[in-house]
file upload_12.txt (compact mmCIF, C-alpha atoms and all ligand atoms)
# COMPACT_ATOMS: atom_id res chain seq x y z
CA MET A 10 0.00 0.00 0.00
CA ASP A 11 1.34 3.43 -0.90
CA ARG A 12 0.73 5.43 2.26
CA LYS A 13 0.88 9.23 2.10
CA LYS A 14 3.59 10.75 4.28
CA PHE A 15 2.90 13.26 7.04
CA LEU A 16 5.17 15.06 9.49
CA VAL A 17 4.11 16.25 12.92
CA ILE A 18 6.61 18.65 14.48
CA PRO A 19 5.99 19.26 18.18
CA ALA A 20 7.43 22.76 18.66
CA GLY A 21 5.02 23.73 21.40
CA GLY A 22 7.45 23.78 24.32
CA SER A 23 8.64 26.85 26.20
CA GLY A 24 12.27 25.61 26.42
CA VAL A 25 12.92 26.64 30.03
CA ARG A 26 16.12 24.52 30.27
CA MET A 27 17.79 26.70 27.64
CA GLY A 28 17.36 29.79 29.82
CA ALA A 29 16.78 32.04 26.76
CA ASP A 30 13.91 34.54 26.26
CA VAL A 31 12.85 32.70 23.12
CA PRO A 32 11.88 28.99 23.12
CA LYS A 33 14.86 26.96 21.84
CA GLN A 34 13.11 25.86 18.63
CA PHE A 35 13.11 29.52 17.47
CA LEU A 36 16.76 30.27 18.30
CA MET A 37 19.00 30.96 15.30
CA LEU A 38 21.44 28.30 14.12
CA GLY A 39 23.48 28.94 10.97
CA GLY A 40 21.33 32.01 10.28
CA LYS A 41 17.95 30.24 10.44
CA PRO A 42 15.51 29.37 13.25
CA ILE A 43 16.11 25.79 14.44
CA LEU A 44 12.51 24.88 13.56
CA ARG A 45 13.09 25.89 9.92
CA LEU A 46 16.33 23.87 9.69
CA THR A 47 14.45 20.85 11.03
CA MET A 48 11.62 21.23 8.51
CA GLU A 49 14.14 21.63 5.67
CA ARG A 50 15.68 18.22 6.49
CA PHE A 51 12.28 16.59 5.88
CA LEU A 52 11.53 18.60 2.75
CA GLU A 53 14.89 17.45 1.38
CA ALA A 54 14.09 13.81 2.19
CA VAL A 55 10.43 13.78 1.14
CA PRO A 56 9.61 16.90 -0.94
CA ASP A 57 5.83 16.29 -0.96
CA ILE A 58 5.53 15.57 2.77
CA ARG A 59 2.52 17.17 4.48
CA VAL A 60 3.50 19.11 7.59
CA VAL A 61 1.62 19.85 10.81
CA THR A 62 3.54 22.25 13.04
CA VAL A 63 2.60 22.48 16.72
CA LEU A 64 3.41 25.91 18.16
CA PRO A 65 3.08 27.70 21.48
CA GLU A 66 0.08 30.04 21.30
CA ALA A 67 2.35 33.00 22.13
CA HIS A 68 4.61 32.34 19.12
CA MET A 69 2.12 31.37 16.38
CA GLU A 70 1.94 34.85 14.90
CA TRP A 71 5.73 35.31 15.15
CA TRP A 72 6.30 32.07 13.19
CA ARG A 73 3.64 32.96 10.61
CA GLN A 74 5.29 36.35 10.02
CA TYR A 75 8.79 34.86 9.94
CA CYS A 76 7.75 32.40 7.20
CA VAL A 77 6.32 35.26 5.09
CA LYS A 78 9.28 37.63 5.63
CA ALA A 79 11.89 34.91 5.02
CA SER A 80 9.94 33.50 2.00
CA PHE A 81 9.89 30.10 3.70
CA THR A 82 6.96 28.78 1.73
CA CYS A 83 6.62 25.22 3.10
CA PRO A 84 2.87 24.43 3.19
CA GLN A 85 2.06 23.65 6.81
CA LYS A 86 -0.95 23.40 9.09
CA MET A 87 -0.30 25.16 12.37
CA VAL A 88 -1.91 23.88 15.53
CA GLN A 89 -1.65 25.07 19.10
CA GLY A 90 0.59 23.28 21.61
CA GLY A 91 -0.69 21.55 24.72
CA PHE A 92 0.38 21.23 28.35
CA THR A 93 3.03 18.54 27.61
CA ARG A 94 4.58 17.09 24.46
CA PHE A 95 1.95 14.30 24.64
CA HIS A 96 -0.87 16.86 24.52
CA SER A 97 0.83 18.79 21.70
CA VAL A 98 1.18 15.66 19.52
CA LYS A 99 -2.40 14.65 20.31
CA ASN A 100 -3.63 18.05 19.04
CA ALA A 101 -1.71 17.53 15.79
CA LEU A 102 -3.00 13.99 15.23
CA ALA A 103 -6.51 15.37 14.81
CA GLN A 104 -5.23 16.68 11.43
CA ILE A 105 -3.84 13.33 10.22
CA PRO A 106 -5.97 10.80 8.28
CA ASP A 107 -5.90 7.03 8.86
CA GLY A 108 -3.97 4.91 6.35
CA ALA A 109 -0.95 7.25 6.21
CA LEU A 110 2.62 7.16 7.52
CA VAL A 111 3.19 9.81 10.16
CA ALA A 112 6.62 10.88 11.36
CA VAL A 113 6.77 12.70 14.68
CA HIS A 114 9.98 14.69 15.03
CA ASP A 115 11.14 17.06 17.77
CA ALA A 116 11.53 20.60 16.44
CA VAL A 117 14.83 20.79 18.32
CA ARG A 118 16.57 17.99 16.36
CA PRO A 119 17.68 19.88 13.22
CA LEU A 120 20.68 17.63 12.48
CA VAL A 121 18.89 14.46 11.41
CA SER A 122 20.00 13.44 7.91
CA ALA A 123 17.71 13.14 4.89
CA SER A 124 19.01 9.61 4.26
CA LYS A 125 18.06 8.49 7.80
CA ILE A 126 14.58 9.98 7.35
CA ARG A 127 14.15 8.02 4.10
CA GLU A 128 15.48 4.82 5.70
CA LEU A 129 12.98 5.11 8.56
CA PHE A 130 10.06 5.80 6.21
CA ALA A 131 11.02 2.78 4.10
CA ALA A 132 11.12 0.53 7.19
CA ALA A 133 7.73 1.86 8.32
CA GLU A 134 6.09 0.57 5.13
CA ASN A 135 6.35 -2.91 6.68
CA ALA A 136 6.08 -2.22 10.43
CA PRO A 137 3.53 -0.11 12.34
CA ALA A 138 6.12 1.61 14.54
CA VAL A 139 9.78 2.36 13.75
CA ILE A 140 12.19 4.51 15.77
CA PRO A 141 15.88 5.49 15.62
CA ALA A 142 17.88 4.37 18.64
CA THR A 143 21.57 4.11 19.58
CA PRO A 144 23.19 1.63 21.98
CA SER A 145 24.47 3.26 25.16
CA THR A 146 28.19 4.01 25.37
CA ASP A 147 28.12 5.46 28.91
CA THR A 148 27.98 3.24 31.99
CA LEU A 149 24.49 3.68 33.42
CA LYS A 150 23.64 3.97 37.13
CA THR A 151 20.44 4.36 39.05
CA VAL A 152 20.83 7.20 41.53
CA SER A 153 18.86 8.17 44.62
CA LYS A 154 19.22 10.99 47.14
CA ASN A 155 20.69 10.17 50.57
CA GLU A 156 19.36 11.65 53.84
CA ASP A 157 21.28 14.90 53.13
CA GLY A 158 19.78 15.17 49.68
CA VAL A 159 23.08 14.22 47.99
CA PRO A 160 22.73 12.02 44.87
CA VAL A 161 24.38 8.62 45.49
CA VAL A 162 24.66 5.51 43.32
CA ALA A 163 21.92 2.95 43.98
CA GLY A 164 22.95 0.39 41.34
CA THR A 165 24.35 -0.28 37.86
CA ILE A 166 22.19 -1.09 34.85
CA ASP A 167 23.17 -3.64 32.16
CA ARG A 168 23.88 -1.11 29.40
CA SER A 169 23.58 -3.66 26.62
CA ALA A 170 19.83 -3.56 27.23
CA VAL A 171 19.50 0.24 27.26
CA TRP A 172 19.40 2.28 24.05
CA GLY A 173 19.00 6.03 23.70
CA VAL A 174 15.95 6.88 21.63
CA GLN A 175 15.64 9.72 19.13
CA THR A 176 13.16 11.03 16.59
CA PRO A 177 11.78 10.88 13.90
CA GLN A 178 9.55 8.09 15.13
CA ILE A 179 7.36 6.82 12.31
CA PHE A 180 4.00 5.09 12.61
CA HIS A 181 1.03 3.84 10.69
CA SER A 182 -1.23 6.78 11.46
CA GLU A 183 -4.27 4.74 12.51
CA VAL A 184 -2.08 2.86 15.04
CA LEU A 185 -0.64 6.06 16.53
CA LYS A 186 -4.01 7.82 16.68
CA LYS A 187 -5.62 4.82 18.41
CA ALA A 188 -2.76 4.66 20.95
CA TYR A 189 -3.14 8.39 21.68
CA GLU A 190 -6.77 7.85 22.69
CA ARG A 191 -5.50 6.67 26.10
CA GLY A 192 -4.97 9.01 29.05
CA TYR A 193 -1.71 10.85 29.73
CA ASP A 194 1.08 9.16 31.73
CA THR A 195 4.22 10.99 32.87
CA LEU A 196 6.28 8.24 31.16
CA PHE A 197 4.96 9.39 27.77
CA THR A 198 7.98 11.54 26.83
CA ASP A 199 8.01 10.17 23.28
CA ASP A 200 5.50 8.57 20.92
CA ALA A 201 6.94 5.05 21.03
CA SER A 202 6.10 4.91 24.74
CA VAL A 203 2.45 5.62 23.91
CA VAL A 204 2.19 2.88 21.26
CA SER A 205 4.18 0.45 23.46
CA ALA A 206 1.63 1.01 26.22
CA ALA A 207 -1.02 0.01 23.68
CA GLY A 208 0.81 -3.29 23.05
CA VAL A 209 2.33 -2.42 19.66
CA THR A 210 5.83 -3.76 18.80
CA VAL A 211 8.27 -0.94 18.09
CA VAL A 212 11.16 -1.68 15.68
CA CYS A 213 14.52 0.05 16.36
CA ILE A 214 16.73 1.25 13.50
CA GLU A 215 20.28 2.42 14.30
CA GLY A 216 20.12 6.18 14.97
CA GLU A 217 22.71 8.89 14.31
CA ARG A 218 24.89 10.18 17.16
CA THR A 219 24.86 13.60 15.51
CA ASN A 220 21.04 13.77 15.70
CA ILE A 221 21.18 15.55 19.05
CA LYS A 222 18.25 17.20 20.81
CA ILE A 223 19.06 20.84 21.48
CA THR A 224 18.03 21.31 25.10
CA THR A 225 20.78 23.27 26.89
CA PRO A 226 23.17 26.10 25.82
CA GLU A 227 25.96 23.48 25.47
CA ASP A 228 23.83 21.55 22.98
CA LEU A 229 23.58 24.69 20.85
CA LEU A 230 27.39 24.95 20.71
CA LEU A 231 27.63 21.27 19.80
CA ALA A 232 25.01 21.71 17.07
CA GLN A 233 26.95 24.67 15.62
CA ALA A 234 30.09 22.51 15.52
CA ILE A 235 28.29 19.58 13.85
CA LEU A 236 26.63 21.87 11.32
CA SER A 237 29.98 23.44 10.40
CA VAL A 238 31.42 20.07 9.32
CA LYS A 239 28.27 18.64 7.66
O1 LIG B 1 10.64 19.08 26.47
P1 LIG B 1 11.26 18.18 25.45
O2 LIG B 1 12.72 18.50 25.28
O3 LIG B 1 10.97 16.74 25.58
O4 LIG B 1 10.60 18.64 24.08
C1 LIG B 1 10.72 17.91 22.89
C2 LIG B 1 9.91 18.61 21.81
O5 LIG B 1 8.54 18.65 22.21
C3 LIG B 1 10.37 20.05 21.56
O6 LIG B 1 10.45 20.29 20.17
C4 LIG B 1 9.28 20.87 22.22
O7 LIG B 1 9.05 22.14 21.60
C5 LIG B 1 8.05 19.98 22.07
N1 LIG B 1 7.02 20.23 23.09
C6 LIG B 1 5.72 20.53 22.67
N2 LIG B 1 4.76 20.83 23.61
C7 LIG B 1 5.06 20.84 24.92
C8 LIG B 1 6.36 20.53 25.36
C9 LIG B 1 7.33 20.22 24.41
O8 LIG B 1 5.44 20.52 21.48
N3 LIG B 1 4.09 21.18 25.78

call {"tool": "encode", "arguments": {"input": "upload_12.txt", "output": "structure tokens"}}
result
Amino acid sequence: MDRKKFLVIPAGGSGVRMGADVPKQFLMLGGKPILRLTMERFLEAVPDIRVVTVLPEAHMEWWRQYCVKASFTCPQKMVQGGFTRFHSVKNALAQIPDGALVAVHDAVRPLVSASKIRELFAAAENAPAVIPATPSTDTLKTVSKNEDGVPVVAGTIDRSAVWGVQTPQIFHSEVLKKAYERGYDTLFTDDASVVSAAGVTVVCIEGERTNIKITTPEDLLLAQAILSVK
């Protein structure tokens, strides 16, 4: 079946961990807002992709005007963000038909490659849920606070069983929409966790270590460095 391809970009966060006045998805990187760089990766990979952008209410008009002024003409539906990422994605899914492939990609991951996007879409033709993930290279510990509130090691996790998960996460749209009918859980920090909770098998494809999520000021420096050698 030839499923149409959709992109949901949750860009509805306020980005408090960055400590900037502007949410991190609107900060400039290489002369463009991060959100635009991210969208351009997908337009390069799948030129006819249909885009739903989820924005904070306070920045919808700013983004609309930026796109006009900068002649960034990507057709996109804009929807308002929700209380958490889960609620933002759920708002966007109301715009997506059944029988499609839908990629959900964090606005703040502008370094994903077009070839990885295409690889993930191709894999999703034959599996209802496909995500990029990378095996852990760090040693992983569980940590708890002692009686003085100091973080101390509680145990060590078998790192061969723990992979770091990225986006884009790609789904058969009817599967993702059905999974999102359930109530919010604080563990739902990505979309794979929502479909996993609904009992769907999620296939992992090797991710890219350069596909970082820009969350802190250090991440922005790292992203500038990666972009300069790409
Ligand atoms: O907060 P976190 O780093 O997990 O955010 C990942 C993505 O989800 C970001 O692109 C952010 O803008 C988006 N988000 C959203 N709505 C929220 C919170 C985060 O669309 N309420």

call {"tool": "closest_atom_pairs", "arguments": {"input": "upload_12.txt", "of": "chain A", "to": "ligand LIG 1 (chain B)", "cutoff": "7 Å", "atoms": "all atoms listed in the file", "output": "CSV"}}
result
residue,atom,partner,partner_atom,distance
A:Pro19,CA,B:LIG1,O8,3.6
A:Ala20,CA,B:LIG1,O7,3.4
A:Gly21,CA,B:LIG1,O8,3.2
A:Gly22,CA,B:LIG1,O7,3.6
A:Ser23,CA,B:LIG1,O7,6.6
A:Gly24,CA,B:LIG1,O1,6.7
A:Gln34,CA,B:LIG1,O7,6.3
A:Val63,CA,B:LIG1,O8,5.9
A:Leu64,CA,B:LIG1,O8,6.6
A:Gly90,CA,B:LIG1,N2,5.2
A:Gly91,CA,B:LIG1,N3,4.9
A:Phe92,CA,B:LIG1,N3,4.5
A:Thr93,CA,B:LIG1,N3,3.4
A:Arg94,CA,B:LIG1,C7,3.8
A:His96,CA,B:LIG1,N3,6.7
A:Ser97,CA,B:LIG1,N2,4.8
A:Val98,CA,B:LIG1,O8,6.8
A:Asp115,CA,B:LIG1,O6,4.1
A:Ala116,CA,B:LIG1,O6,3.9
A:Val117,CA,B:LIG1,O6,4.8
A:Thr198,CA,B:LIG1,O3,6.1
A:Thr224,CA,B:LIG1,O2,6.0

call {"tool": "residues_around", "arguments": {"input": "upload_12.txt", "residues": "segment 70-73 of chain A", "least_positions_apart": "4", "cutoff": "9 Å", "atoms": "all atoms listed in the file", "output": "ChimeraX atom specification"}}
result
/A:35,64,66,77-78,87

call {"tool": "residues_around", "arguments": {"input": "upload_12.txt", "residues": "Tyr193 of chain A", "least_positions_apart": "4", "cutoff": "9 Å", "atoms": "all atoms listed in the file", "output": "PyMOL selection string"}}
result
chain A and resi 95-96+189+197+203

call {"tool": "closest_residue", "arguments": {"input": "upload_12.txt", "among": "A:Ile43, A:Val184, A:Ala138, A:Ala234", "to": "Leu102 of chain A", "atoms": "all atoms listed in the file"}}
result
A:Val184

call {"tool": "closest_residue", "arguments": {"input": "upload_12.txt", "among": "A:Ala79, A:Lys99, A:Val113, A:Gln178", "to": "Arg191 of chain A", "atoms": "all atoms listed in the file"}}
result
A:Lys99

call {"tool": "closest_residue", "arguments": {"input": "upload_12.txt", "among": "A:Lys187, A:Lys33, A:Arg59, A:His181", "to": "Val211 of chain A", "atoms": "only C-alpha atoms"}}
result
A:His181

call {"tool": "closest_residue", "arguments": {"input": "upload_12.txt", "among": "A:Ala201, A:Val238, A:Val17, A:Ile179", "to": "Ile105 of chain A", "atoms": "all atoms listed in the file"}}
result
A:Val17

call {"tool": "atom_distance", "arguments": {"input": "upload_12.txt", "atom1": "atom CA of Pro42 of chain A", "atom2": "atom CA of Cys76 of chain A"}}
result
10.3 Å

call {"tool": "residues_around", "arguments": {"input": "upload_12.txt", "residues": "Ala136 of chain A", "least_positions_apart": "4", "cutoff": "10 Å", "atoms": "all atoms listed in the file", "output": "list in words"}}
result
Phe130, Ala131, Ala132, Ile179, Phe180, His181, Val209, Thr210, Val211 and Val212 of chain A

call {"tool": "write_last_selection", "arguments": {"input": "upload_12.txt", "atoms": "C-alpha atoms", "output": "PDB file, in the coordinates of the input"}}
result
ATOM      1  CA  PHE A 130      10.060   5.800   6.210  1.00  0.00           C
ATOM      2  CA  ALA A 131      11.020   2.780   4.100  1.00  0.00           C
ATOM      3  CA  ALA A 132      11.120   0.530   7.190  1.00  0.00           C
ATOM      4  CA  ILE A 179       7.360   6.820  12.310  1.00  0.00           C
ATOM      5  CA  PHE A 180       4.000   5.090  12.610  1.00  0.00           C
ATOM      6  CA  HIS A 181       1.030   3.840  10.690  1.00  0.00           C
ATOM      7  CA  VAL A 209       2.330  -2.420  19.660  1.00  0.00           C
ATOM      8  CA  THR A 210       5.830  -3.760  18.800  1.00  0.00           C
ATOM      9  CA  VAL A 211       8.270  -0.940  18.090  1.00  0.00           C
ATOM     10  CA  VAL A 212      11.160  -1.680  15.680  1.00  0.00           C
TER      11      VAL A 212
END

call {"tool": "closest_residue", "arguments": {"input": "upload_12.txt", "among": "A:Ser237, A:Thr176, A:Ser205, A:Asn220", "to": "Val111 of chain A", "atoms": "only C-alpha atoms"}}
result
A:Thr176

call {"tool": "closest_residue", "arguments": {"input": "upload_12.txt", "among": "A:His114, A:Lys86, A:Arg218, A:Arg127", "to": "Ser145 of chain A", "atoms": "only C-alpha atoms"}}
result
A:Arg218

call {"tool": "residues_near_point", "arguments": {"input": "upload_12.txt", "point": "(19.4, 21.4, 12.7)", "cutoff": "10 Å", "atoms": "all atoms listed in the file", "output": "ChimeraX atom specification"}}
result
/A:34,37-39,41-50,116-122,219-223,229,232-233,235-236

call {"tool": "axis_aligned_box", "arguments": {"input": "upload_12.txt", "around": "segment 62-80 of chain A", "padding_each_side": "4 Å", "output": "lines of an AutoDock Vina configuration file"}}
result
center_x = 6.0
center_y = 29.9
center_z = 12.1
size_x = 19.8
size_y = 23.4
size_z = 28.1

call {"tool": "atom_distance", "arguments": {"input": "upload_12.txt", "atom1": "atom CA of Asp11 of chain A", "atom2": "atom CA of Ser182 of chain A"}}
result
13.1 Å

call {"tool": "atom_distance", "arguments": {"input": "upload_12.txt", "atom1": "atom CA of Ser153 of chain A", "atom2": "atom CA of Thr195 of chain A"}}
result
19.0 Å

call {"tool": "build_atoms", "arguments": {"input": "upload_12.txt", "residues": "segment 147-159 of chain A", "atoms": "N, CA, C and O atoms", "output": "JSON list (two decimals), keeping the file's coordinate frame"}}
result
[["chain", "number", "residue", "atom", "x", "y", "z"],
["A", 147, "ASP", "N", 27.82, 5.16, 27.51],
["A", 147, "ASP", "CA", 28.12, 5.46, 28.91],
["A", 147, "ASP", "C", 27.77, 4.27, 29.79],
["A", 147, "ASP", "O", 26.91, 3.46, 29.44],
["A", 148, "THR", "N", 28.45, 4.17, 30.96],
["A", 148, "THR", "CA", 27.98, 3.24, 31.99],
["A", 148, "THR", "C", 26.78, 3.89, 32.66],
["A", 148, "THR", "O", 26.77, 5.09, 32.93],
["A", 149, "LEU", "N", 25.75, 3.11, 32.91],
["A", 149, "LEU", "CA", 24.49, 3.68, 33.42],
["A", 149, "LEU", "C", 24.23, 3.26, 34.86],
["A", 149, "LEU", "O", 24.32, 2.07, 35.19],
["A", 150, "LYS", "N", 23.92, 4.22, 35.71],
["A", 150, "LYS", "CA", 23.64, 3.97, 37.13],
["A", 150, "LYS", "C", 22.24, 4.43, 37.48],
["A", 150, "LYS", "O", 21.77, 5.45, 36.94],
["A", 151, "THR", "N", 21.60, 3.76, 38.40],
["A", 151, "THR", "CA", 20.44, 4.36, 39.05],
["A", 151, "THR", "C", 20.98, 5.16, 40.24],
["A", 151, "THR", "O", 21.96, 4.76, 40.87],
["A", 152, "VAL", "N", 20.34, 6.28, 40.49],
["A", 152, "VAL", "CA", 20.83, 7.20, 41.53],
["A", 152, "VAL", "C", 19.66, 7.58, 42.42],
["A", 152, "VAL", "O", 18.54, 7.80, 41.93],
["A", 153, "SER", "N", 19.90, 7.65, 43.71],
["A", 153, "SER", "CA", 18.86, 8.17, 44.62],
["A", 153, "SER", "C", 19.51, 9.19, 45.55],
["A", 153, "SER", "O", 20.73, 9.26, 45.64],
["A", 154, "LYS", "N", 18.69, 9.97, 46.22],
["A", 154, "LYS", "CA", 19.22, 10.99, 47.14],
["A", 154, "LYS", "C", 19.39, 10.37, 48.52],
["A", 154, "LYS", "O", 18.50, 9.64, 49.01],
["A", 155, "ASN", "N", 20.52, 10.67, 49.20],
["A", 155, "ASN", "CA", 20.69, 10.17, 50.57],
["A", 155, "ASN", "C", 19.96, 11.12, 51.55],
["A", 155, "ASN", "O", 19.29, 12.07, 51.11],
["A", 156, "GLU", "N", 20.13, 10.86, 52.86],
["A", 156, "GLU", "CA", 19.36, 11.65, 53.84],
["A", 156, "GLU", "C", 19.72, 13.14, 53.83],
["A", 156, "GLU", "O", 18.93, 13.99, 54.23],
["A", 157, "ASP", "N", 20.90, 13.48, 53.25],
["A", 157, "ASP", "CA", 21.28, 14.90, 53.13],
["A", 157, "ASP", "C", 20.90, 15.49, 51.77],
["A", 157, "ASP", "O", 21.27, 16.61, 51.44],
["A", 158, "GLY", "N", 20.19, 14.69, 50.99],
["A", 158, "GLY", "CA", 19.78, 15.17, 49.68],
["A", 158, "GLY", "C", 20.87, 15.08, 48.63],
["A", 158, "GLY", "O", 20.74, 15.65, 47.53],
["A", 159, "VAL", "N", 21.97, 14.36, 48.94],
["A", 159, "VAL", "CA", 23.08, 14.22, 47.99],
["A", 159, "VAL", "C", 22.80, 13.01, 47.08],
["A", 159, "VAL", "O", 22.44, 11.94, 47.58]]
